[in-house]
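> Let me give you the structure first, and then I'll get to my questions.
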Amino acid sequence: MPKKTGLARIINETSESLLGFLWQTDPIFMKILTSSSSLKDARKRIFDYLNNTENELENVISDKFYENIHVLEIENAKECIRVLKNIFRTKNEQIAEFSALNLLYRIAVNEITDMKRVNPAFLTEMLFLIKGVNCMSEIYEEVYTKVQDPERKVRSRMHKLDVFASGMETAFKRFKTGQDEEIVSMRRQMKKRILKFYRAGEDDWNKYKWHLSNVITSPEQLVSLVKLSQEEFEGVETAVKNHIPFQITPYYLSLFNPDGRSEHDRTVRAQVLPTVYYCRKIAWSRVKEIDMDFMGEKFTSPVPGITRRYPNIVILKPYDSCPQICVYCQRNWEIKNIERAVFSKDQNEKAVKWIKENPQITEVLITGGDPLTLGNTYLNELLESLAKIEHLERIRIGTRTLVTIPFRINERFLEILKKYHEPGKREICVVTHVESPLELTEDTIEAVTKIKQCGIGVYNQQVFTYYNSKRFETAFLRKMLKLCGIDPYYSFNTKGKDETKEFMVPIARIQQERREEARLLPGMVRTDEPVFNIPELGKSHLRAGQDHEIIMIMPDGRRVFRFYPWEMKISLSDDYIYTDVGIYDYLKRLEEDGEKVEEYKTIWYYF
């Protein structure tokens with residue numbers, strides 16, 4: 001086993017060793033804590049120290065040490081100081097009901113002598129913050145030399161850009177799309193196996209209603225068609241026992257590697273195979289009658305079937321099921337299996353009436369549940385009723401059938417889209433949800449092409465989860481989406497729901513992905529916006545630093561964020577406190593899955 005170095009070494013050190021690194025990085029910080037007479041005294045002296053350091057950074061000519069430090073390292077140091085001051089404020093301690101400074105003080109004055117009681121995740125966060133304050137982030141490996149000669153400057157810049165591009169292309173080779181020969185061959189085998197199991201033929205496969213009629217809902221069906229690990233089987237079994245919605249379309253199952261989970265199908269499997277943890281959390285929430293409406297939709301629903309978080313757009317939910325159920329769905333509290341789904345024409349008519357009576361509404365997103373689970377006749381009626389509303393300028397259709405049953409995009413449906421899409425008056429567009437490049441098969445591309453040929457735009461909303469968060473994985477997905485005719489639209493940070501913890505990624509990782517991976521792509525490809533969806537209020541842009549701040553580091557290393565509402569500059573509204581998943585735990589999980597965590601080393605400096 002090779003000796004771990006760098007970040008891989010740090011996240012595998014003991015708490016005692018990490019504390020030693022922390023004190024060595026900033027002896028002054030340690031001395032202030034050890035020599036303070038009380039926590040109050042320590043707080044005052046630490047703030048004086050941080051303010052003095054910040055002043056030196058702002059006025060570098062006054063200190064010889066900073067003269068040789070690059071301005072980018074100095075800017076990072078100033079950010080770290082801002083975060084440290086934030087987590088050391090008494091007001092934020094009250095909000096978080098924990099004091100990071102108090103824990104450090106108690107360690108420094110030997111009130112805590114058994115370092116096994118201190119989580120290494122907490123000390124790692126503090127270590128990187130202190131390293132940052134001292135301009136020792138080690139973000140930059142190269143030595144910067146300012147080049148004056150124009151020709152050398154051009155050559156130097158071209159070389160750097162070539163390094164960026166080649167590094168990205170090398171990373172892209174790790175991932176496969178649904179068009180790769182290896183995947184196409186595997187899917188043919190799976191398709192034959194599925195058709196044989198159902199005693200069906202090619203004509204059946206190309207009919208979307210056949211897939212709806214043969215949705216897989218039991219572990220017994222699954223194991224007859226694909227190999228499941230013991231863990232996967234137990235998860236599905238637990239879902240069925242606890243009446244937790246679980247279903248996979250035959251088409252989507254053809255994306256599975258028949259011989260068991262692989263590097264390439266891990267994302268598609270994770271989306272639809274509930275784990276034991278997920279099922280137990282849901283079952284426990286039911287017993288305890290815990291409200292699972294994480295987004296607080298009941299507080300933004302003026303009438304049943306309508307959700308409104310913004311001035312001009314509403315969500316219309318005509319149906320509460322999907323052909324296939326995603327484990328991490330934010331509406332898992334109301335999504336049902338197809339056989340238990342509820343469709344109320346009366347409710348939908350009342351919802352449309354509400355839209356008609358509110359002229360401020362100019363846009364409707366029809367979602368749910370997946371509205372394309374419904375038949376063309378009803379969809380035509382629904383779109384017709386909406387199209388009659390003069391103040392509606394845009395109707396979006398949110399559907400995942402492009403990847404779960406692409407055959408749903410049939411000629412009759414396309415005729416309906418064209419009928420109500422009137423350029424200059426009303427736009428119809430389709431918003432889908434592609435999570436993995438494996439989902440971009442020839443069938444999906446054909447469905448997208450048919451929609452685009454009607455003059456209708458297709459957009460993608462990706463949920464950024466653990467399973468697609470590997471280095472350059474989402475960048476590769478964007479590249480392929482655009483080539484297939486789908487415009488990247490939003491990247492959603494995974495919701496903070498307890499039952500979906502296994503999918504969650506630190507906010508710092510989606511920020512890192514945007515700045516270090518997506519930023520290398522052409523602007524026409526990186527058109528999505530990374531966002532955090534605040535319950536009741538809506539999207540907060542994660543690359544807008546003024547919209548959120550870190551207010552605490554918890555004893556287990558998790559960062560606590562305060563999010564400000566999107567309308568913060570125009571209207572008074574409540575903030576939102578969110579405790580993230582820990583960076584340390586995320587990196588440890590990546591390491592266990594064989595990732596080179598050194599490639600993620602800058603993650604600590606995204607706030």
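Residues in the structure tokens are named by chain (A, B, ... in the order shown) and by number from 1 within that chain; ligands are numbered from 1 in the order shown.
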Near Pro437 (chain A), counting only C-alpha atoms, which residues have an atom at most 7 Å away, once you skip same-chain residues fewer than 4 positions from it, shown as a PDB file with C-alpha atoms, in the first residue's frame?

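Full text of out_20.pdb as output:
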```
ATOM      1  CA  LYS A 176     -19.427   6.531 -21.240  1.00  0.00           C
ATOM      2  CA  THR A 177     -22.577   7.629 -22.997  1.00  0.00           C
ATOM      3  CA  GLY A 178     -25.532   5.546 -24.141  1.00  0.00           C
ATOM      4  CA  LEU A 477     -22.621  15.432 -19.154  1.00  0.00           C
ATOM      5  CA  MET A 480     -22.941  15.587 -24.363  1.00  0.00           C
TER       6      MET A 480
END
```
> Give one line per residue of region 260-331 of chain A that approaches region 239-250 of chain A to at most 6 Å, naming the two atoms of the closest pair and their distance in Å to one decimal, counting only C-alpha atoms; sort by chain then ascending residue number and deliver it as a Markdown table.

```
| residue | atom | partner | partner_atom | distance |
| --- | --- | --- | --- | --- |
| A:Cys279 | CA | A:Ala239 | CA | 5.7 |
| A:Gln324 | CA | A:Ile248 | CA | 4.9 |
| A:Ile325 | CA | A:Gln247 | CA | 5.8 |
```
> Those same residues, written as a compact mmCIF listing (two decimals), in the first residue's frame with N, CA and C atoms?

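Saved as part_21.txt:
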```txt
# COMPACT_ATOMS: atom_id res chain seq x y z
N CYS A 279 -35.21 3.76 3.11
CA CYS A 279 -36.52 3.19 3.48
C CYS A 279 -36.79 3.30 4.97
N GLN A 324 -41.48 6.17 -13.67
CA GLN A 324 -40.34 5.68 -12.89
C GLN A 324 -40.09 6.66 -11.75
N ILE A 325 -39.79 6.15 -10.58
CA ILE A 325 -39.66 7.02 -9.40
C ILE A 325 -38.19 7.17 -9.01
```
> Quick one: pull the distance between CA of Lys452 (chain A) and CA of Leu438 (chain A), Å, one decimal.
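Going from CA of Lys452 (chain A) over to CA of Leu438 (chain A), I get 21.0 Å.
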> With 6 Å as the cut-off and only C-alpha atoms counted, what is the closest atom pair between each nearby residue of region 250-360 of chain A and region 491-508 of chain A? Distances in Å to one decimal, ordered by chain and number, as CSV.

```
residue,atom,partner,partner_atom,distance
A:Tyr278,CA,A:Glu499,CA,4.7
A:Lys281,CA,A:Glu499,CA,5.2
A:Tyr328,CA,A:Thr500,CA,5.7
```
> Keeping only N, CA, C and O atoms, take the residues you just selected and write them out as a compact mmCIF listing (two decimals), in the first residue's frame.

```
# COMPACT_ATOMS: atom_id res chain seq x y z
N TYR A 278 -32.55 4.69 3.29
CA TYR A 278 -33.62 5.55 2.77
C TYR A 278 -34.99 5.06 3.25
O TYR A 278 -35.82 5.84 3.75
N LYS A 281 -35.59 5.50 7.04
CA LYS A 281 -35.82 6.91 7.38
C LYS A 281 -37.25 7.31 7.05
O LYS A 281 -37.91 8.02 7.82
N TYR A 328 -34.36 10.20 -4.90
CA TYR A 328 -34.09 11.47 -4.23
C TYR A 328 -35.11 12.55 -4.57
O TYR A 328 -34.90 13.73 -4.28
```
> Have a look at A:Arg43, A:Glu334, A:Arg478, A:Asp443 and name the one nearest to Pro522 (chain A); count only C-alpha atoms.
A:Arg478
> List the neighbours of region 86-100 of chain A out to 8 Å using only C-alpha atoms; skip same-chain residues closer than 3 positions along the sequence, and give me the result as an MDAnalysis selection string.
chainID A and resid 43 82:83 103:104 550:555 560
> Closest to Ile46 (chain A) among A:Val303, A:Leu33, A:Ile603, A:Ile338, using only C-alpha atoms?
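Once distances to Ile46 (chain A) are computed over only C-alpha atoms, the minimum belongs to A:Leu33.
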> As a list in words, please: every residue in region 558-592 of chain A that DSSP puts in strand (DSSP E).
Arg559, Val560, Phe561, Arg562, Phe563, Tyr576, Ile577, Tyr578 and Thr579 of chain A
> Between CA of Ala283 (chain A) and CA of Ile216 (chain A), what is the spacing in Å?
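Rounded to one decimal, the two atoms are 21.6 Å apart.
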> Tell me, as a PyMOL selection string, which residues lie within 10 Å of region 121-136 of chain A, counting only C-alpha atoms; anything in the same chain fewer than 3 positions away does not count.
chain A and resi 10-11+13-26+29+50+53-54+57+66+69-70+72-84+100+103-104+118+139-140+553-559+582-585+602+604-605
> I'd like to know which residues of region 73-291 of chain A are alpha helix (DSSP H) (by DSSP, run on the backbone); could you write them as a PyMOL selection string?
chain A and resi 73-87+90-96+100-108+120-133+150-172+181-198+202-205+208-213+219-225+230-241+250-253+266-272+276-287
> Got a sec: who's within 10 Å of Thr34 (chain A), counting only C-alpha atoms, leaving out chain neighbours fewer than 2 positions off, as JSON, numbers by chain?
{"A": [28, 29, 30, 31, 32, 36, 37, 38, 42, 104, 105, 106, 107, 108, 109, 110]}
> So, counting only C-alpha atoms, which residue among A:Glu439, A:Asp203, A:Asp48, A:Glu415 is closest to Thr401 (chain A)?
A:Glu439
> Smallest atom-to-atom distance to Lys85 (chain A): which of A:Glu549, A:Ala165, A:Asn206, A:Leu587, using only C-alpha atoms?
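The answer is A:Glu549, which sits nearest to Lys85 (chain A).
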> Just checking: using only C-alpha atoms, which residue out of A:Leu572, A:Val276, A:Asp370, A:Cys329 ends up closest to Thr465 (chain A)?
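Going through A:Leu572, A:Val276, A:Asp370, A:Cys329 one by one, the smallest distance to Thr465 (chain A) is for A:Cys329.
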> Compile the contact shell of Glu349 (chain A) as a list of chain:residue names: residues with an atom at most 12 Å away, counting only C-alpha atoms, same-chain residues fewer than 5 positions apart removed.
A:Val303, A:Pro304, A:Gly305, A:Ile306, A:Leu316, A:Lys317, A:Pro318, A:Phe343, A:Ser344, A:Trp354, A:Ile355, A:Lys356, A:Tyr378, A:Glu381, A:Leu382, A:Leu383, A:Glu384, A:Ser385, A:Leu386
> CA of Ile405 (chain A) and CA of Glu529 (chain A) are how many Å apart?
26.9 Å
